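S.K.: Have a look at this one.
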Amino acid sequence: MACLQFVFNFLVATLLLLKCVGNAAPCEDCFTQSRAAYYPNSDDKGTETGRCGYGTFGATINDGDVAAASDLYEDGLGCGACYQVRCANSKYCSDKGVTVVITDHGSSHNTDFILSSRAFGRMAQNADAAASLLAFGVTDIEYRRVSCSYPNTNITIKIDESSNNPHYLAFVIWYQQGMKDITAVQLCETESYVCKVLDRSYGAVWTSSSPPTGGALSVRMLFSDEKWIVPLNHIPTNWKPGDVYDSGVQLTA
Ligand SMILES: *[C@@H]1O[C@H](CO)[C@@H](O)[C@H](O)[C@H]1NC(C)=O
């Protein structure tokens with residue numbers, strides 16, 4: 001009897017555990033309820049001074065459908081991630097909403113996102129509805145992570161203006177497709193294969209105060225699925241601040 005009781009208790013416990021795990025499992029496609037505002041200073045599009053460090057690119061990427069994230073910024077890990085954001089008011093809002101790229105860090109009025117005003121308006125069904133929505137300033141939304149898509153574009157390395165060859169190298173990684181985050185970057189000199197793990201300085205900016213010298217530099221990227229991507233193209237030894245290099249590789253969207 002004691003044994004049967006034990007088996008029964010064990011089964012109940014297992015069922016309860018399974019139920020808990022089931023409830024806790026993240027739902028990849030599900031929307032999360034939240035709120036969004038838009039940049040007050042508005043520039044219609046994005047910002048050149050966003051915390052991700054994208055510079056002018058931050059204002060033009062994704063045609064200006066960009067956003068600052070609060071918690072989802074995750075100390076820069078969230079930079080470049082794409083989210084589908086749709087507002088809740090069926091009178092004004094479209095089903096599709098808008099897809100934004102994270103380029104900045106910030107929050108206002110307990111929001112998860114501050115959208116560019118262009119992106120905020122694009123959640124609406126039409127121009128009149130957009131005007132009403134913008135007049136509210138803050139709105140209830142729901143969002144989910146989606147794959148970023150940059151057709152006919154490879155992952156691109158932009159040498160930051162703060163760089164100084166050969167003493168200090170800072171660069172930003174642009175146009176990363178898909179739903180993965182870059183969790184680490186290794187800089188390898190391609191003659192002797194001396195490699196260095198770089199620091200995420202802030203946002204999407206990676207830096208090295210003494211980059212390997214001697215040969216061209218390969219920027220190897222580690223993604224959140226724990227796979228390394230090795231670019232086909234290298235940063236030449238004569239790199240200059242402001243230069244832009246096509247890595248020759250891309251992730252699937
Ligand atoms: C992307 O990289 C591939 C492989 O190096 C190259 O053939 C292609 O031209 C690149 N695409 C663009 C748009 O530069």
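Each chain of the structure tokens is named A, B, ... in the order shown, its residues numbered from 1; ligands are numbered from 1 in display order.
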Taking only region 37-245 of chain A into account, list the residues labelled strand (DSSP E) by DSSP (computed from the backbone), as a PDB file with C-alpha atoms, in the first residue's frame.

M.R.:
```pdb
ATOM      1  CA  ALA A  37       6.005  55.954 -26.825  1.00  0.00           C
ATOM      2  CA  TYR A  38       7.868  57.853 -29.542  1.00  0.00           C
ATOM      3  CA  VAL A  66      13.761  52.034 -35.348  1.00  0.00           C
ATOM      4  CA  ALA A  67      13.291  52.089 -31.586  1.00  0.00           C
ATOM      5  CA  ALA A  68      14.971  52.548 -28.252  1.00  0.00           C
ATOM      6  CA  ALA A  69      14.448  49.562 -25.962  1.00  0.00           C
ATOM      7  CA  CYS A  82      14.073  43.277 -34.732  1.00  0.00           C
ATOM      8  CA  TYR A  83      10.613  43.373 -33.169  1.00  0.00           C
ATOM      9  CA  GLN A  84       7.146  43.373 -34.628  1.00  0.00           C
ATOM     10  CA  VAL A  85       5.196  45.956 -32.647  1.00  0.00           C
ATOM     11  CA  ARG A  86       1.469  46.511 -33.040  1.00  0.00           C
ATOM     12  CA  CYS A  87      -0.813  48.793 -31.092  1.00  0.00           C
ATOM     13  CA  VAL A  98       5.508  47.753 -37.756  1.00  0.00           C
ATOM     14  CA  THR A  99       8.870  45.987 -37.605  1.00  0.00           C
ATOM     15  CA  VAL A 100      11.506  48.041 -35.819  1.00  0.00           C
ATOM     16  CA  VAL A 101      15.246  47.615 -35.257  1.00  0.00           C
ATOM     17  CA  ILE A 102      16.702  48.434 -31.831  1.00  0.00           C
ATOM     18  CA  THR A 103      19.257  51.259 -32.152  1.00  0.00           C
ATOM     19  CA  ASP A 104      19.049  52.969 -28.763  1.00  0.00           C
ATOM     20  CA  HIS A 105      18.418  52.543 -25.035  1.00  0.00           C
ATOM     21  CA  PHE A 113       9.986  50.858 -26.597  1.00  0.00           C
ATOM     22  CA  ILE A 114      10.381  54.430 -27.758  1.00  0.00           C
ATOM     23  CA  LEU A 115       9.751  54.304 -31.483  1.00  0.00           C
ATOM     24  CA  THR A 139      -0.119  53.618 -26.485  1.00  0.00           C
ATOM     25  CA  ASP A 140      -0.730  50.022 -25.418  1.00  0.00           C
ATOM     26  CA  ILE A 141       1.093  47.627 -27.698  1.00  0.00           C
ATOM     27  CA  GLU A 142       2.088  44.015 -28.056  1.00  0.00           C
ATOM     28  CA  TYR A 143       5.404  42.881 -29.480  1.00  0.00           C
ATOM     29  CA  ARG A 144       7.405  39.820 -30.465  1.00  0.00           C
ATOM     30  CA  ARG A 145      10.943  39.235 -31.691  1.00  0.00           C
ATOM     31  CA  VAL A 146      11.133  38.647 -35.427  1.00  0.00           C
ATOM     32  CA  THR A 156      29.080  44.957 -42.618  1.00  0.00           C
ATOM     33  CA  ILE A 157      31.863  46.263 -40.386  1.00  0.00           C
ATOM     34  CA  LYS A 158      32.061  50.038 -39.898  1.00  0.00           C
ATOM     35  CA  ILE A 159      35.312  51.364 -38.370  1.00  0.00           C
ATOM     36  CA  LEU A 169      40.358  49.898 -33.125  1.00  0.00           C
ATOM     37  CA  ALA A 170      36.636  50.338 -32.540  1.00  0.00           C
ATOM     38  CA  PHE A 171      33.995  49.091 -34.940  1.00  0.00           C
ATOM     39  CA  VAL A 172      30.280  48.506 -35.204  1.00  0.00           C
ATOM     40  CA  ILE A 173      28.574  45.546 -36.833  1.00  0.00           C
ATOM     41  CA  TRP A 174      25.752  46.467 -39.202  1.00  0.00           C
ATOM     42  CA  ILE A 182      26.212  38.589 -31.216  1.00  0.00           C
ATOM     43  CA  THR A 183      27.539  37.427 -27.852  1.00  0.00           C
ATOM     44  CA  ALA A 184      31.288  37.697 -28.483  1.00  0.00           C
ATOM     45  CA  VAL A 185      33.761  38.899 -31.106  1.00  0.00           C
ATOM     46  CA  GLN A 186      37.270  37.609 -31.713  1.00  0.00           C
ATOM     47  CA  LEU A 187      39.725  39.606 -33.784  1.00  0.00           C
ATOM     48  CA  CYS A 188      42.305  37.440 -35.608  1.00  0.00           C
ATOM     49  CA  GLU A 189      45.357  38.627 -37.479  1.00  0.00           C
ATOM     50  CA  CYS A 195      43.611  36.299 -31.935  1.00  0.00           C
ATOM     51  CA  LYS A 196      42.120  38.542 -29.278  1.00  0.00           C
ATOM     52  CA  VAL A 197      38.710  38.459 -27.680  1.00  0.00           C
ATOM     53  CA  ASP A 199      35.291  43.937 -25.321  1.00  0.00           C
ATOM     54  CA  ARG A 200      31.814  45.177 -26.059  1.00  0.00           C
ATOM     55  CA  SER A 201      32.546  48.813 -25.329  1.00  0.00           C
ATOM     56  CA  TYR A 202      28.865  49.812 -25.395  1.00  0.00           C
ATOM     57  CA  VAL A 205      30.556  48.868 -30.555  1.00  0.00           C
ATOM     58  CA  TRP A 206      33.518  46.464 -30.150  1.00  0.00           C
ATOM     59  CA  THR A 207      36.970  47.755 -29.259  1.00  0.00           C
ATOM     60  CA  SER A 208      40.595  46.709 -28.916  1.00  0.00           C
ATOM     61  CA  LEU A 217      42.147  41.315 -39.528  1.00  0.00           C
ATOM     62  CA  SER A 218      39.340  38.770 -39.445  1.00  0.00           C
ATOM     63  CA  VAL A 219      36.331  39.636 -37.291  1.00  0.00           C
ATOM     64  CA  ARG A 220      34.890  36.349 -36.035  1.00  0.00           C
ATOM     65  CA  MET A 221      31.457  36.568 -34.484  1.00  0.00           C
ATOM     66  CA  LEU A 222      29.899  34.254 -31.908  1.00  0.00           C
ATOM     67  CA  PHE A 223      26.102  34.129 -32.027  1.00  0.00           C
ATOM     68  CA  TRP A 228      30.979  31.097 -34.772  1.00  0.00           C
ATOM     69  CA  ILE A 229      30.763  32.868 -38.121  1.00  0.00           C
ATOM     70  CA  VAL A 244      33.128  50.317 -44.180  1.00  0.00           C
ATOM     71  CA  TYR A 245      33.916  46.665 -45.004  1.00  0.00           C
TER      72      TYR A 245
END
```

S.K.: Counting only C-alpha atoms and all ligand atoms, which protein, DNA or RNA residues come within 10 Å of ligand 1, given as a list in words?

M.R.: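 Here is the list of contacting residues: Tyr150, Pro151, Asn152, Thr153, Asn154, Ile155, Thr156, Pro231, Leu232, Asn233, Tyr245, Asp246, Ser247, Gly248, Val249 and Gln250 of chain A.
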
S.K.: Have a look at A:Arg118, A:Arg35, A:His167, A:His234 and name the one nearest to Pro212 (chain A); count only C-alpha atoms.

M.R.: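 The closest residue to Pro212 (chain A) is A:His167.
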
S.K.: Taking into account only C-alpha atoms, which residue in the set A:Asp44, A:Asp65, A:Glu28, A:Asp71 is nearest to Gly106 (chain A)?

M.R.: A:Asp71

S.K.: Please extract the residues of region 64-191 of chain A with a backbone DSSP assignment of helix (DSSP H, G or I) and present them as a ChimeraX atom specification.

M.R.: /A:64,71-76,117-121,127-136

S.K.: Find the distance between CA of Gly55 (chain A) and CA of Ser116 (chain A) and write it in Å to one decimal.

M.R.: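 So the answer is 15.2 Å.
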